[in-house]
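These notes are about the structure you will find just below.
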Amino acid sequence: MMRDGQPARDVAATGTTLYKTDLLVFSHLRWDFVFQRPQHLLSRAAADRRVFFWEEALPLPDGKTEPYLDVQQKQPNLWVVRPFLPFALEGQPREELKAGMLAAFMAQQGITRFVAWYYTPWALRFTSKLKPAVTVYDCMDELSLFRGANPQLKQFELELFRRADVVFTGGASLYEAKRTQHQNVHLFPSSIDTAHFGKARLRQEESAGSVASDQAAIPHPRLGFFGVIDERMDLDLLREIAARRPDWHLALIGPVVKIDQQSLPQAPNIHYLGQKAYEQLPLYLAGWDVALMPFAHNEATRFISPTKTPEYLAGGIPVVSTSIRDVVRPYGEQGLVRIADSAEDTVAAIEAALALSPAQRADWQARVDEFLKGNSWDRTWAEMDRLIADRIESRATDVSKVESR
């Protein structure tokens, strides 16, 4: 079991003092992918405990014949663990191998009292024998509705509901769908790092001398999007906007996944800038005139609660979105985001956003700031941590009662 070519035995020793129960996280997302909910929450969790972020297995690279773990420290007290397995290994033997690698890793790192935190129920295939102090299911998406989802995923989610001590949901729509499936479900919608995205307001376009070089040459009006470009995007809507207003330019930032690159709309005024680091996003955001959330209406978007909604708003950029339920409520209803679905209505909404007078924009920004006040990932994590601590304490009390009999 190796880390950067060296034994991983020293992982526990390289972090700060362990103050709280270890956090063992099982995720379908890659830590180095788009920076979103897991990274926000777990970076904060690592302030006073060890966090081990276990990713889905990858095939062995060329030249390797034996399975191994790649362990990388991303910040003090936080490690990402990537299993590498033989490509041909499938089914139960594959899950048993992962379970054995996990058990060995936990023994090496002295992980004995821990919280098991799940982003994907699929991980139960190799973690079902774990005995955590508390089990958490942070349900940030309805994964069973995503393209290519395994039909058995719903069954595993039912089992995870049975095992979980506490369930968090990433949006109001998910909360409504899950609250009857568990006795301890809590709504934690997308939060915001206001200081980070507020940097966009402090930057002056081009004249500031601090601009995104690959975006600087794109003419205005400039419409922007950052996030994953996948089956949730309404590509026809993007194509129509570009065709109707060739003088507008669309800057699309993010990785393209699960869809054919050839299906992406192509036009002189559509610009694909690729994935950018989280630290760079305010720089790009500062250069937009309007921020877009052109989500399609399909199974994959039925329960989404886009993290980018408050991020765009904190950056001081007017937002136009399709009528995603968790955007309409509350952002659309409070007049913070313009809602439109058809190409005609979307173009009209963008025109209205572009036409805001300085006074109108100042009024809108004041309402945005009031709405976002007190909404932060720090606060969200603190509330989640309290719920976990309450559950640990409750279990300890139950054990004490039994032992005193």
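To be explicit about the labels: the chains of the structure tokens are called A, B, and onward in the order shown, and within each one the residues are counted from 1, while ligands get numbers from 1 in the order they are shown.
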Identify, on the basis of only C-alpha atoms, every residue whose closest approach to region 372-386 of chain A does not exceed 6 Å; exclude the query and any residue fewer than 4 positions from it along the same chain; express the result as a ChimeraX atom specification. /A:41,191-193
Could you dump the residues just selected with C-alpha atoms as a compact mmCIF listing (two decimals), in the first residue's frame?
```txt
# COMPACT_ATOMS: atom_id res chain seq x y z
CA LEU A 41 -17.58 20.82 3.69
CA SER A 191 -23.99 27.61 0.71
CA ILE A 192 -21.53 30.26 -0.35
CA ASP A 193 -18.00 31.46 0.28
```
From the DSSP assignment of the backbone, select every residue of region 167-261 of chain A that is strand (DSSP E), and format the answer as a list in words. Val167, Phe168, Thr169, Val185, His186, Leu187, Arg222, Leu223, Gly224, Phe225, Phe226, His249, Leu250, Ala251, Leu252 and Ile253 of chain A
Within 9 Å of region 88-104 of chain A, counting only C-alpha atoms, which residues show up once you throw out same-chain ones fewer than 4 positions away? Write them as a PyMOL selection string, please. chain A and resi 1+57+59+67-69+83+108-109+125-130
Using only C-alpha atoms, pick whichever of A:Lys74, A:Arg325, A:His271, A:Arg239 has the shortest atom-to-atom distance to Ser43 (chain A).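 For Ser43 (chain A), the nearest of the given residues is A:Lys74.
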Calculate how many Å separate CA of Gln280 (chain A) from CA of Pro294 (chain A), rounding to one decimal.
->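 Atom-to-atom, CA of Gln280 (chain A) to CA of Pro294 (chain A), that is 21.6 Å.
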(request) Compile the contact shell of region 351-363 of chain A as a PyMOL selection string: residues with an atom at most 12 Å away, counting only C-alpha atoms, same-chain residues fewer than 4 positions apart removed. (result) chain A and resi 220-223+241+245+248+288-292+313+316-321+335-340+344-347+367-370
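Candidate residues A:Pro268, A:Glu299, A:Asp48, A:Gly198 were compared for distance to Ala251 (chain A), and the nearest is A:Pro268, using only C-alpha atoms.
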Top pick for closest residue to Leu237 (chain A), considering A:Ser342, A:Tyr137, A:His297, A:Phe156 and counting only C-alpha atoms:
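Using only C-alpha atoms, Leu237 (chain A) sits closest to A:Ser342.
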Quiz item: Using only C-alpha atoms, which of the listed residues (A:Ile350, A:Val211, A:Met233, A:Ala343) sits closest to Leu283 (chain A)?
Solution: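 Ranking A:Ile350, A:Val211, A:Met233, A:Ala343 by distance to Leu283 (chain A), first place goes to A:Val211.
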Write out as a compact mmCIF listing (two decimals) with C-alpha atoms, in the first residue's frame which residues come within 10 Å of Ile253 (chain A) when counting only C-alpha atoms, dropping same-chain ones fewer than 5 positions away.
```txt
# COMPACT_ATOMS: atom_id res chain seq x y z
CA GLY A 224 -20.78 33.21 -18.80
CA PHE A 225 -21.22 29.77 -17.30
CA PHE A 226 -18.95 27.70 -15.08
CA GLY A 227 -19.63 24.14 -14.00
CA VAL A 228 -19.84 20.65 -15.44
CA ILE A 229 -21.03 20.50 -19.05
CA HIS A 271 -16.19 29.86 -26.55
CA TYR A 272 -15.23 26.71 -24.59
CA LEU A 273 -12.49 27.63 -22.14
CA GLY A 274 -12.11 24.29 -20.35
CA GLN A 275 -11.92 23.56 -16.64
CA LYS A 276 -10.50 26.20 -14.32
CA LEU A 281 -13.39 31.47 -10.93
CA TYR A 284 -13.56 34.89 -14.92
```
Note to self: For a test of reading the model, state the distance in Å between CA of Ala195 (chain A) and CA of Ile304 (chain A), rounded to one decimal.
What the structure shows: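 CA of Ile304 (chain A) lies 24.3 Å from CA of Ala195 (chain A).
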